[in-house]
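**Student:** Structure in structure tokens, see below.
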Amino acid sequence: MLPFPSYSTKQANSLVAEYGRQKRALSPNRHLAISAALNDFALHVVPQVVEVEHLGRVIYAGGDDVLAMLPVSDLLSAMQRLRRAYSGTSRHDRPMDWRSLRRSKELVCKDGFAYLSGRLMRMMGQNATASGGAVIAHHQAPLSAVLRELREAEKRAKNEGDRDAFSLTVIKRSGGATSLTGKWDILELLLKLRDFLAAPEVSRQAVYHSIEWLTDLPENAEKAMTGALLRYQLQRQTASADRFKALGGAQLADQLAIKACEQRDRTKWLQIFLSTAEFIARETRAPVCKASEPSPVDR
């Protein structure tokens with residue numbers, strides 16, 4: 001009879017931990033779960049987000065590959081919603097109780113799952129990564145050229161963005177293009193800046209004057225200095241200090257400064273970020289006042 005080895009509690013725990021760290025082949029059930037999650041995402045979640053929650057159309061959706069067309073005003077929110085739905089998370093839906101969803105017909109994502117019209121679907125989970133590319137182009141732009149730019153944007157998101165990122169290209173009708181690449185967290189900041197610039201109390205020249213000022217910004221400017229100067233420039237282009245505060249301009253400037261100081265070329269990044277937000281804000285602004293109705297900002 002062979003003797004059984006004797007281990008202390010510490011040795012036994014170490015062996016169990018080592019066994020747990022060993023790589024092992026995925027079971028067939030794991031493959032089935034991943035396949036089902038991707039299938040539900042493509043067939044149910046993507047059409048709901050693009051065509052019901054936003055004014056877009058799905059061209060292709062298969063697994064984690066999605067191709068859709070949306071108006072500029074819906075682009076950023078749709079990208080953000082799709083990214084969160086892919087992982088089964090949503091900042092707005094997290095406080096909701098699952099038991100209260102039976103009567104809801106809206107898409108709710110929470111804890112790695114998605115619930116829609118009585119159907120509970122497993123998504124890819126909070127640790128899943130996803131990269132996406134987007135292109136804003138004129139409706140008369142050649143589709144082949146737009147698709148080519150879209151493929152390049154997706155490559156930039158995976159390479160320059162180091163995956164789990166997005167890349168947005170703006171093709172101007174007058175010629176030239178600008179690209180903004182970064183992690184998904186700056187998409188929220190881009191949305192906030194777009195909403196700020198679209199407010200009727202903010203001058204249409206706000207970004208123009210801010211970019212003009214950026215040429216004099218020191219390359220090694222600290223976050224505090226960059227944030228203070230951004231606050232000053234944006235507040236100058238707002239109807240009043242009270243409206244600037246109500247629109248969250250101070251917090252927005254500070255967040256922009258923090259992100260800018262994380263970039264290699266903060267001045268160039270700020271120029272691209274501001275100009276991209278301004279371009280998108282044009283589609284969401286309130287109608288321009290008539291000649292008999294003076295604008296709230298006249299600068």
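The chains in the structure tokens are called A, B, ... from first to last as shown; in each chain the residues are counted from 1, and the ligands are counted from 1 in the order shown.
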DSSP on the backbone, strand (DSSP E) only: what residues of region 13-146 of chain A does that give? Format it as a PyMOL selection string.

**Tutor:** chain A and resi 57-62+65-69+108-110+113-116+119-122+132-136

**Student:** Need to verify the contact set: Gly132 (chain A), 7 Å, only C-alpha atoms, exclusion of same-chain residues closer than 5 positions in sequence. Can you return it as number ranges by chain?

**Tutor:** A: 154, 157, 165-167

**Student:** Which value, in Å to one decimal, gives the distance between CA of Ala85 (chain A) and CA of Gln126 (chain A)?

**Tutor:**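 Here the two named atoms are 9.9 Å from each other.
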
**Student:** As a list in words, please: the residues near Thr178 (chain A) (cut-off 8 Å, only C-alpha atoms, same-chain neighbours under 6 positions excluded).

**Tutor:**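 Answer for this query is Thr169, Val170, Ile171, Ile272 and Thr276 of chain A.
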
**Student:** What is the CA of Ala128 (chain A)-CA of Asp162 (chain A) distance in Å, reported with one decimal?

**Tutor:** 14.1 Å

**Student:** Using Å and a single decimal, report how far CA of Pro218 (chain A) sits from CA of Leu191 (chain A).

**Tutor:**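 Interatomic distance here is 26.9 Å.
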
**Student:** Would you mind writing down, as a PyMOL selection string, each residue of region 51-107 of chain A that DSSP on the backbone assigns to helix (DSSP H, G or I)?

**Tutor:** chain A and resi 51-53+72-87+98-100

**Student:** For region 83-150 of chain A against region 277-282 of chain A, with a cut-off of 12 Å and counting only C-alpha atoms, what is the closest atom pair and its distance in Å to one decimal for every residue that makes the cut, ordered by chain and number, as a tab-separated table?

**Tutor:**
```
residue	atom	partner	partner_atom	distance
A:Val135	CA	A:Ile280	CA	11.7
A:Ile136	CA	A:Ile280	CA	8.9
A:Ala137	CA	A:Phe279	CA	11.1
```

**Student:** I'd like to know which of A:Leu230, A:Met123, A:Ala198, A:Met79 is closest to Thr267 (chain A), using only C-alpha atoms.

**Tutor:**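 Of all the options, A:Leu230 lies closest to Thr267 (chain A).
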
**Student:** Which one is closest to Ala221 (chain A): A:Ala257, A:Arg81, A:Asp65, A:Gly133? Count only C-alpha atoms.

**Tutor:** A:Ala257

**Student:** Set the distance at 6 Å and use only C-alpha atoms: which residues neighbour region 111-114 of chain A once local chain neighbours fewer than 6 positions away are removed? I'd like the list as a PyMOL selection string.

**Tutor:** chain A and resi 87-89+120-123+125
